[in-house]
Number of protein chains: 2
Amino acid sequence: MLGGRAEDYLEAIYTLSREKGFAKVMELSEMLDVKPATVSEMLEKLSRMGYVDYKKRSHVRLTEKGIRKAMSLREKRNIVIKFLKALGVSEDVAERDACALEHVLHPETLRQLRNFVRFVESSPAINPRWLEHFREFCKTGKHPCKQR
Amino acid sequence: MLGGRAEDYLEAIYTLSREKGFAKVMELSEMLDVKPATVSEMLEKLSRMGYVDYKKRSHVRLTEKGIRKAMSLREKRNIVIKFLKALGVSEDVAERDACALEHVLHPETLRQLRNFVRFVESSPAINPRWLEHFREFCKTGKHPCKQR
DNA sequence: AATAGCATTTAGGTAAACCTAAGAAACGAT
DNA sequence: ATCGTTTCTTAGGTTTACCTAAATGCTATT
């Protein structure tokens, strides 16, 4: 099985590959805030596990398997980000937390987060009453329907 | 600083202490699904860090500091559990995930989760319209306000 | 009061993910 | 084409949380 940290590497490679089609050790080192030596080791491991194509001193590319994995992770993360933002969490905190949560959430939990995001997105009004009320509640601590 | 796993130990000790006022190595070993030897080591560490009172071959108790920490963790966990359950996640999954999330969530995120739980709880109707709609949406995949 | 049986600790090990320092390879500018 | 710089790998080390096996201490029963 793939440890939580390894998943971060896959996603980073995925991101970097979007542009050029591959990733370099240095780039990963910076993106993940880890020394190049460490990246080198981890790539070796990911290669053994069949997630990346990687020959020493060359570029990294995701394999099919790696791409599938990375996309599924990316989707998870995006759901969590959208969800947290819908809840009023600031963009960068949402991103940080999503990054931690994506490794950890049970599929059932994820399903409900996804449902919630879709629910909000698919609601008839741009800003449904209850969501407005919720934001109000966050500010004032009071539910606007309850007077007193 | 206190690693994520150490926090689990604190909470376990806290739980066990609710009844008898202390915890034993065996109990912790079972509750955390870890060998007694490992518990012994971790208690040593928690003791050095001032979270527990612990002399070898005796009971463990939380210090003031330990109690404060444990209570704060417990509160976090409870918010997450309530939150996930409100979202329609089943009890045991909610508990599992809460246990993982409590170590990880940014205070801002936690604040919003707390807000959300309070919002739902303080809403005027027992089952506000939108929540009903959400549950409906989870089942059918359709927002009941939108026909078609 | 001796001991059997259980709880706990000690000692020595493993695995993951990180590090530093030093050497090797590739790259690019002249 | 060579030299200097940058990038990458290797080798060896650290930390954290876990493990097993063996030793030790505690307690309760006889």
# chains A, B, ... in the order shown; residues from 1 in each chain; ligands from 1
$ interface_residues --of "chain D" --to "chain B" --cutoff "10 Å" --atoms "only C-alpha atoms (C1' of nucleotides)" --output "list in words"
DT16, DA17, DC18, DC19, DT20, DG25 and DC26 of chain D
$ write_last_selection --atoms "N, CA and C atoms (P, O5', C5', C4', C3', O3' and C1' of nucleotides)" --output "PDB file, in the first residue's frame"
ATOM      1  P    DT D  16      11.559  12.402  17.843  1.00  0.00           P
ATOM      2  O5'  DT D  16      10.326  11.540  17.346  1.00  0.00           O
ATOM      3  C5'  DT D  16       9.761  11.778  16.060  1.00  0.00           C
ATOM      4  C4'  DT D  16       8.851  10.602  15.744  1.00  0.00           C
ATOM      5  C3'  DT D  16       8.199  10.003  16.987  1.00  0.00           C
ATOM      6  O3'  DT D  16       6.796   9.980  16.786  1.00  0.00           O
ATOM      7  C1'  DT D  16       9.211   8.306  15.666  1.00  0.00           C
ATOM      8  P    DA D  17       5.784   9.649  18.007  1.00  0.00           P
ATOM      9  O5'  DA D  17       5.322   8.176  17.643  1.00  0.00           O
ATOM     10  C5'  DA D  17       4.748   7.918  16.372  1.00  0.00           C
ATOM     11  C4'  DA D  17       4.815   6.433  16.117  1.00  0.00           C
ATOM     12  C3'  DA D  17       4.268   5.586  17.270  1.00  0.00           C
ATOM     13  O3'  DA D  17       3.317   4.680  16.765  1.00  0.00           O
ATOM     14  C1'  DA D  17       6.348   4.771  16.587  1.00  0.00           C
ATOM     15  P    DC D  18       2.302   3.955  17.725  1.00  0.00           P
ATOM     16  O5'  DC D  18       2.886   2.461  17.838  1.00  0.00           O
ATOM     17  C5'  DC D  18       2.596   1.510  16.877  1.00  0.00           C
ATOM     18  C4'  DC D  18       3.803   0.681  16.495  1.00  0.00           C
ATOM     19  C3'  DC D  18       4.095  -0.570  17.334  1.00  0.00           C
ATOM     20  O3'  DC D  18       3.111  -1.543  17.121  1.00  0.00           O
ATOM     21  C1'  DC D  18       6.080   0.411  16.466  1.00  0.00           C
ATOM     22  P    DC D  19       2.840  -2.668  18.152  1.00  0.00           P
ATOM     23  O5'  DC D  19       3.901  -3.820  17.806  1.00  0.00           O
ATOM     24  C5'  DC D  19       4.186  -4.179  16.466  1.00  0.00           C
ATOM     25  C4'  DC D  19       5.488  -4.941  16.436  1.00  0.00           C
ATOM     26  C3'  DC D  19       5.615  -6.007  17.520  1.00  0.00           C
ATOM     27  O3'  DC D  19       5.176  -7.243  17.001  1.00  0.00           O
ATOM     28  C1'  DC D  19       7.625  -4.703  17.363  1.00  0.00           C
ATOM     29  P    DT D  20       4.905  -8.461  18.033  1.00  0.00           P
ATOM     30  O5'  DT D  20       6.324  -9.152  18.313  1.00  0.00           O
ATOM     31  C5'  DT D  20       7.226  -9.426  17.255  1.00  0.00           C
ATOM     32  C4'  DT D  20       8.487 -10.042  17.839  1.00  0.00           C
ATOM     33  C3'  DT D  20       8.202 -11.135  18.878  1.00  0.00           C
ATOM     34  O3'  DT D  20       9.150 -12.183  18.669  1.00  0.00           O
ATOM     35  C1'  DT D  20       9.466  -9.396  19.884  1.00  0.00           C
ATOM     36  P    DG D  25      13.547  -6.134  39.724  1.00  0.00           P
ATOM     37  O5'  DG D  25      12.056  -5.789  40.146  1.00  0.00           O
ATOM     38  C5'  DG D  25      11.324  -4.839  39.353  1.00  0.00           C
ATOM     39  C4'  DG D  25       9.861  -5.083  39.551  1.00  0.00           C
ATOM     40  C3'  DG D  25       9.426  -5.178  41.005  1.00  0.00           C
ATOM     41  O3'  DG D  25       8.402  -4.242  41.114  1.00  0.00           O
ATOM     42  C1'  DG D  25       8.479  -6.930  39.732  1.00  0.00           C
ATOM     43  P    DC D  26       7.672  -3.853  42.524  1.00  0.00           P
ATOM     44  O5'  DC D  26       6.293  -4.606  42.348  1.00  0.00           O
ATOM     45  C5'  DC D  26       5.373  -4.201  41.321  1.00  0.00           C
ATOM     46  C4'  DC D  26       4.156  -5.085  41.436  1.00  0.00           C
ATOM     47  C3'  DC D  26       3.560  -5.176  42.822  1.00  0.00           C
ATOM     48  O3'  DC D  26       2.209  -4.785  42.645  1.00  0.00           O
ATOM     49  C1'  DC D  26       3.856  -7.350  41.878  1.00  0.00           C
TER      50       DC D  26
END
$ select_by_dssp --residues "segment 17-99 of chain A" --states "helix (DSSP H, G or I)" --output "number ranges by chain"
A: 17-20, 25-32, 36-48, 64-86, 91-99
$ closest_atom_pairs --of "chain B" --to "chain A" --cutoff "8 Å" --atoms "only C-alpha atoms" --output "Markdown table"
| residue | atom | partner | partner_atom | distance |
| --- | --- | --- | --- | --- |
| B:Leu84 | CA | A:Thr109 | CA | 7.4 |
| B:Leu87 | CA | A:Gln112 | CA | 6.5 |
| B:Gly88 | CA | A:Gln112 | CA | 6.8 |
| B:Val89 | CA | A:Thr109 | CA | 5.9 |
| B:Val93 | CA | A:His106 | CA | 7.0 |
| B:Ala94 | CA | A:Thr109 | CA | 7.5 |
| B:Asp97 | CA | A:Leu105 | CA | 6.2 |
| B:Ala100 | CA | A:Val104 | CA | 6.9 |
| B:Leu101 | CA | A:Leu101 | CA | 7.2 |
| B:Val104 | CA | A:Ala100 | CA | 6.9 |
| B:Leu105 | CA | A:Asp97 | CA | 6.2 |
| B:His106 | CA | A:Asp97 | CA | 6.7 |
| B:Glu108 | CA | A:Val89 | CA | 6.6 |
| B:Thr109 | CA | A:Val89 | CA | 5.8 |
| B:Gln112 | CA | A:Leu87 | CA | 6.5 |
| B:Leu113 | CA | A:Leu87 | CA | 7.7 |
| B:Asn115 | CA | A:Cys138 | CA | 6.1 |
| B:Phe116 | CA | A:Phe134 | CA | 7.4 |
| B:Phe119 | CA | A:Phe134 | CA | 6.5 |
| B:Ser122 | CA | A:His143 | CA | 6.7 |
| B:Ser123 | CA | A:His143 | CA | 6.5 |
| B:Pro124 | CA | A:Lys146 | CA | 6.5 |
| B:Trp130 | CA | A:Trp130 | CA | 6.8 |
| B:Phe134 | CA | A:Phe119 | CA | 6.5 |
| B:Phe137 | CA | A:Phe119 | CA | 6.7 |
| B:Cys138 | CA | A:Asn115 | CA | 6.1 |
| B:His143 | CA | A:Ser123 | CA | 6.5 |
| B:Cys145 | CA | A:Pro124 | CA | 6.6 |
| B:Lys146 | CA | A:Pro124 | CA | 6.4 |
$ residues_around --residues "DG23 of chain C" --least-positions-apart "5" --cutoff "12 Å" --atoms "only C-alpha atoms (C1' of nucleotides)" --output "ChimeraX atom specification"
/D:8-11
$ write_last_selection --atoms "N, CA and C atoms (P, O5', C5', C4', C3', O3' and C1' of nucleotides)" --output "PDB file, in the first residue's frame"
ATOM      1  P    DC D   8      17.407  17.470 -10.970  1.00  0.00           P
ATOM      2  O5'  DC D   8      18.238  16.215 -10.418  1.00  0.00           O
ATOM      3  C5'  DC D   8      18.950  15.411 -11.358  1.00  0.00           C
ATOM      4  C4'  DC D   8      19.796  14.417 -10.608  1.00  0.00           C
ATOM      5  C3'  DC D   8      19.033  13.581  -9.576  1.00  0.00           C
ATOM      6  O3'  DC D   8      18.953  12.268 -10.129  1.00  0.00           O
ATOM      7  C1'  DC D   8      21.178  14.297  -8.790  1.00  0.00           C
ATOM      8  P    DT D   9      18.384  11.066  -9.194  1.00  0.00           P
ATOM      9  O5'  DT D   9      19.719  10.597  -8.469  1.00  0.00           O
ATOM     10  C5'  DT D   9      20.752  10.021  -9.273  1.00  0.00           C
ATOM     11  C4'  DT D   9      21.854   9.478  -8.389  1.00  0.00           C
ATOM     12  C3'  DT D   9      21.416   8.391  -7.404  1.00  0.00           C
ATOM     13  O3'  DT D   9      22.324   7.310  -7.598  1.00  0.00           O
ATOM     14  C1'  DT D   9      22.620  10.107  -6.270  1.00  0.00           C
ATOM     15  P    DT D  10      22.032   5.924  -6.815  1.00  0.00           P
ATOM     16  O5'  DT D  10      23.142   5.896  -5.656  1.00  0.00           O
ATOM     17  C5'  DT D  10      24.389   6.521  -5.911  1.00  0.00           C
ATOM     18  C4'  DT D  10      25.262   6.488  -4.668  1.00  0.00           C
ATOM     19  C3'  DT D  10      24.945   5.407  -3.633  1.00  0.00           C
ATOM     20  O3'  DT D  10      26.180   4.776  -3.311  1.00  0.00           O
ATOM     21  C1'  DT D  10      24.952   7.544  -2.609  1.00  0.00           C
ATOM     22  P    DA D  11      26.236   3.469  -2.418  1.00  0.00           P
ATOM     23  O5'  DA D  11      26.666   4.052  -0.991  1.00  0.00           O
ATOM     24  C5'  DA D  11      27.603   5.143  -0.929  1.00  0.00           C
ATOM     25  C4'  DA D  11      27.795   5.568   0.520  1.00  0.00           C
ATOM     26  C3'  DA D  11      27.366   4.519   1.547  1.00  0.00           C
ATOM     27  O3'  DA D  11      28.326   4.542   2.605  1.00  0.00           O
ATOM     28  C1'  DA D  11      26.149   6.495   1.913  1.00  0.00           C
TER      29       DA D  11
END
$ atom_distance --atom1 "atom CA of Arg48 of chain A" --atom2 "atom CA of Tyr9 of chain A"
14.3 Å
$ residues_around --residues "DT14 of chain D" --least-positions-apart "3" --cutoff "12 Å" --atoms "only C-alpha atoms (C1' of nucleotides)" --output "PyMOL selection string"
chain C and resi 17-20
$ write_last_selection --atoms "N, CA and C atoms (P, O5', C5', C4', C3', O3' and C1' of nucleotides)" --output "PDB file, in the first residue's frame"
ATOM      1  P    DA C  17       6.742   6.659   3.761  1.00  0.00           P
ATOM      2  O5'  DA C  17       7.518   7.989   4.125  1.00  0.00           O
ATOM      3  C5'  DA C  17       7.112   8.730   5.265  1.00  0.00           C
ATOM      4  C4'  DA C  17       8.251   9.618   5.676  1.00  0.00           C
ATOM      5  C3'  DA C  17       8.853  10.437   4.522  1.00  0.00           C
ATOM      6  O3'  DA C  17       8.799  11.799   4.877  1.00  0.00           O
ATOM      7  C1'  DA C  17      10.523   9.455   5.849  1.00  0.00           C
ATOM      8  P    DC C  18       8.966  12.923   3.771  1.00  0.00           P
ATOM      9  O5'  DC C  18      10.449  13.468   4.082  1.00  0.00           O
ATOM     10  C5'  DC C  18      10.666  14.392   5.088  1.00  0.00           C
ATOM     11  C4'  DC C  18      11.926  14.106   5.868  1.00  0.00           C
ATOM     12  C3'  DC C  18      13.241  14.642   5.303  1.00  0.00           C
ATOM     13  O3'  DC C  18      13.304  16.045   5.407  1.00  0.00           O
ATOM     14  C1'  DC C  18      13.533  12.617   6.528  1.00  0.00           C
ATOM     15  P    DC C  19      14.298  16.853   4.493  1.00  0.00           P
ATOM     16  O5'  DC C  19      15.697  16.815   5.267  1.00  0.00           O
ATOM     17  C5'  DC C  19      15.760  17.015   6.674  1.00  0.00           C
ATOM     18  C4'  DC C  19      17.115  16.542   7.170  1.00  0.00           C
ATOM     19  C3'  DC C  19      18.285  17.022   6.331  1.00  0.00           C
ATOM     20  O3'  DC C  19      18.804  18.224   6.872  1.00  0.00           O
ATOM     21  C1'  DC C  19      18.501  14.691   6.837  1.00  0.00           C
ATOM     22  P    DT C  20      19.844  19.093   6.013  1.00  0.00           P
ATOM     23  O5'  DT C  20      21.293  18.453   6.228  1.00  0.00           O
ATOM     24  C5'  DT C  20      21.755  18.113   7.531  1.00  0.00           C
ATOM     25  C4'  DT C  20      23.128  17.470   7.396  1.00  0.00           C
ATOM     26  C3'  DT C  20      24.076  18.246   6.482  1.00  0.00           C
ATOM     27  O3'  DT C  20      25.372  18.223   7.080  1.00  0.00           O
ATOM     28  C1'  DT C  20      23.793  16.045   5.644  1.00  0.00           C
TER      29       DT C  20
END
$ interface_residues --of "chain C" --to "chain B" --cutoff "8 Å" --atoms "only C-alpha atoms (C1' of nucleotides)" --output "list in words"
DA7, DT8 and DT9 of chain C
$ atom_distance --atom1 "atom CA of Ile13 of chain A" --atom2 "atom C1' of DA15 of chain C"
24.4 Å
$ atom_distance --atom1 "atom CA of Tyr14 of chain A" --atom2 "atom C1' of DA25 of chain C"
26.2 Å
$ residues_around --residues "Thr15 of chain A" --least-positions-apart "3" --cutoff "12 Å" --atoms "only C-alpha atoms (C1' of nucleotides)" --output "PyMOL selection string"
chain A and resi 8-12+18-24+27-28+31-32+61-62+67+70-71+73-74
$ write_last_selection --atoms "N, CA and C atoms" --output "mmCIF file, in the first residue's frame"
data_model
loop_
_atom_site.group_PDB
_atom_site.id
_atom_site.type_symbol
_atom_site.label_atom_id
_atom_site.label_comp_id
_atom_site.auth_asym_id
_atom_site.auth_seq_id
_atom_site.Cartn_x
_atom_site.Cartn_y
_atom_site.Cartn_z
ATOM 1 N N ASP A 8 1.410 12.459 -1.728
ATOM 2 C CA ASP A 8 1.758 13.854 -2.005
ATOM 3 C C ASP A 8 2.721 13.946 -3.180
ATOM 4 N N TYR A 9 3.681 13.023 -3.204
ATOM 5 C CA TYR A 9 4.628 13.024 -4.309
ATOM 6 C C TYR A 9 3.905 12.793 -5.632
ATOM 7 N N LEU A 10 3.004 11.826 -5.636
ATOM 8 C CA LEU A 10 2.256 11.552 -6.866
ATOM 9 C C LEU A 10 1.506 12.788 -7.341
ATOM 10 N N GLU A 11 0.858 13.441 -6.444
ATOM 11 C CA GLU A 11 0.103 14.629 -6.837
ATOM 12 C C GLU A 11 1.015 15.726 -7.358
ATOM 13 N N ALA A 12 2.154 15.873 -6.694
ATOM 14 C CA ALA A 12 3.099 16.899 -7.137
ATOM 15 C C ALA A 12 3.583 16.589 -8.547
ATOM 16 N N ARG A 18 1.410 18.431 -15.807
ATOM 17 C CA ARG A 18 0.359 19.085 -16.580
ATOM 18 C C ARG A 18 0.956 19.948 -17.682
ATOM 19 N N GLU A 19 2.072 20.587 -17.386
ATOM 20 C CA GLU A 19 2.651 21.535 -18.329
ATOM 21 C C GLU A 19 3.610 20.860 -19.286
ATOM 22 N N LYS A 20 4.669 20.314 -18.749
ATOM 23 C CA LYS A 20 5.756 19.849 -19.583
ATOM 24 C C LYS A 20 5.673 18.359 -19.906
ATOM 25 N N GLY A 21 4.847 17.639 -19.165
ATOM 26 C CA GLY A 21 4.743 16.208 -19.412
ATOM 27 C C GLY A 21 5.645 15.373 -18.509
ATOM 28 N N PHE A 22 6.443 16.034 -17.685
ATOM 29 C CA PHE A 22 7.318 15.302 -16.756
ATOM 30 C C PHE A 22 7.662 16.202 -15.579
ATOM 31 N N ALA A 23 8.352 15.657 -14.614
ATOM 32 C CA ALA A 23 8.793 16.455 -13.469
ATOM 33 C C ALA A 23 10.250 16.182 -13.177
ATOM 34 N N LYS A 24 10.935 17.148 -12.552
ATOM 35 C CA LYS A 24 12.332 16.965 -12.191
ATOM 36 C C LYS A 24 12.481 16.914 -10.676
ATOM 37 N N GLU A 27 12.358 20.291 -8.836
ATOM 38 C CA GLU A 27 11.010 20.860 -8.746
ATOM 39 C C GLU A 27 10.225 20.216 -7.618
ATOM 40 N N LEU A 28 10.309 18.904 -7.562
ATOM 41 C CA LEU A 28 9.598 18.187 -6.509
ATOM 42 C C LEU A 28 10.141 18.573 -5.144
ATOM 43 N N MET A 31 8.655 21.940 -4.343
ATOM 44 C CA MET A 31 7.220 21.883 -4.155
ATOM 45 C C MET A 31 6.819 21.183 -2.853
ATOM 46 N N LEU A 32 7.573 20.146 -2.505
ATOM 47 C CA LEU A 32 7.222 19.360 -1.313
ATOM 48 C C LEU A 32 8.017 19.786 -0.088
ATOM 49 N N ARG A 61 7.912 10.450 -15.007
ATOM 50 C CA ARG A 61 6.566 10.505 -15.572
ATOM 51 C C ARG A 61 5.689 9.541 -14.803
ATOM 52 N N LEU A 62 4.436 9.858 -14.715
ATOM 53 C CA LEU A 62 3.504 8.921 -14.089
ATOM 54 C C LEU A 62 3.189 7.801 -15.076
ATOM 55 N N ILE A 67 -1.219 7.780 -12.927
ATOM 56 C CA ILE A 67 -2.147 8.825 -13.347
ATOM 57 C C ILE A 67 -3.516 8.605 -12.718
ATOM 58 N N ALA A 70 -3.285 9.522 -9.089
ATOM 59 C CA ALA A 70 -3.138 10.964 -8.894
ATOM 60 C C ALA A 70 -4.451 11.686 -9.169
ATOM 61 N N MET A 71 -5.162 11.243 -10.182
ATOM 62 C CA MET A 71 -6.412 11.921 -10.507
ATOM 63 C C MET A 71 -7.449 11.706 -9.422
ATOM 64 N N LEU A 73 -6.809 11.193 -6.288
ATOM 65 C CA LEU A 73 -6.402 12.024 -5.159
ATOM 66 C C LEU A 73 -6.782 13.482 -5.405
ATOM 67 N N ARG A 74 -6.514 13.921 -6.610
ATOM 68 C CA ARG A 74 -6.792 15.301 -6.945
ATOM 69 C C ARG A 74 -8.280 15.603 -6.815
#
$ select_by_dssp --residues "chain A" --states "strand (DSSP E)" --output "ChimeraX atom specification"
/A:52-54,60-62
$ closest_residue --among "B:Glu102, B:Lys76, B:Asn127, B:Met1" --to "Tyr51 of chain B" --atoms "only C-alpha atoms"
B:Met1
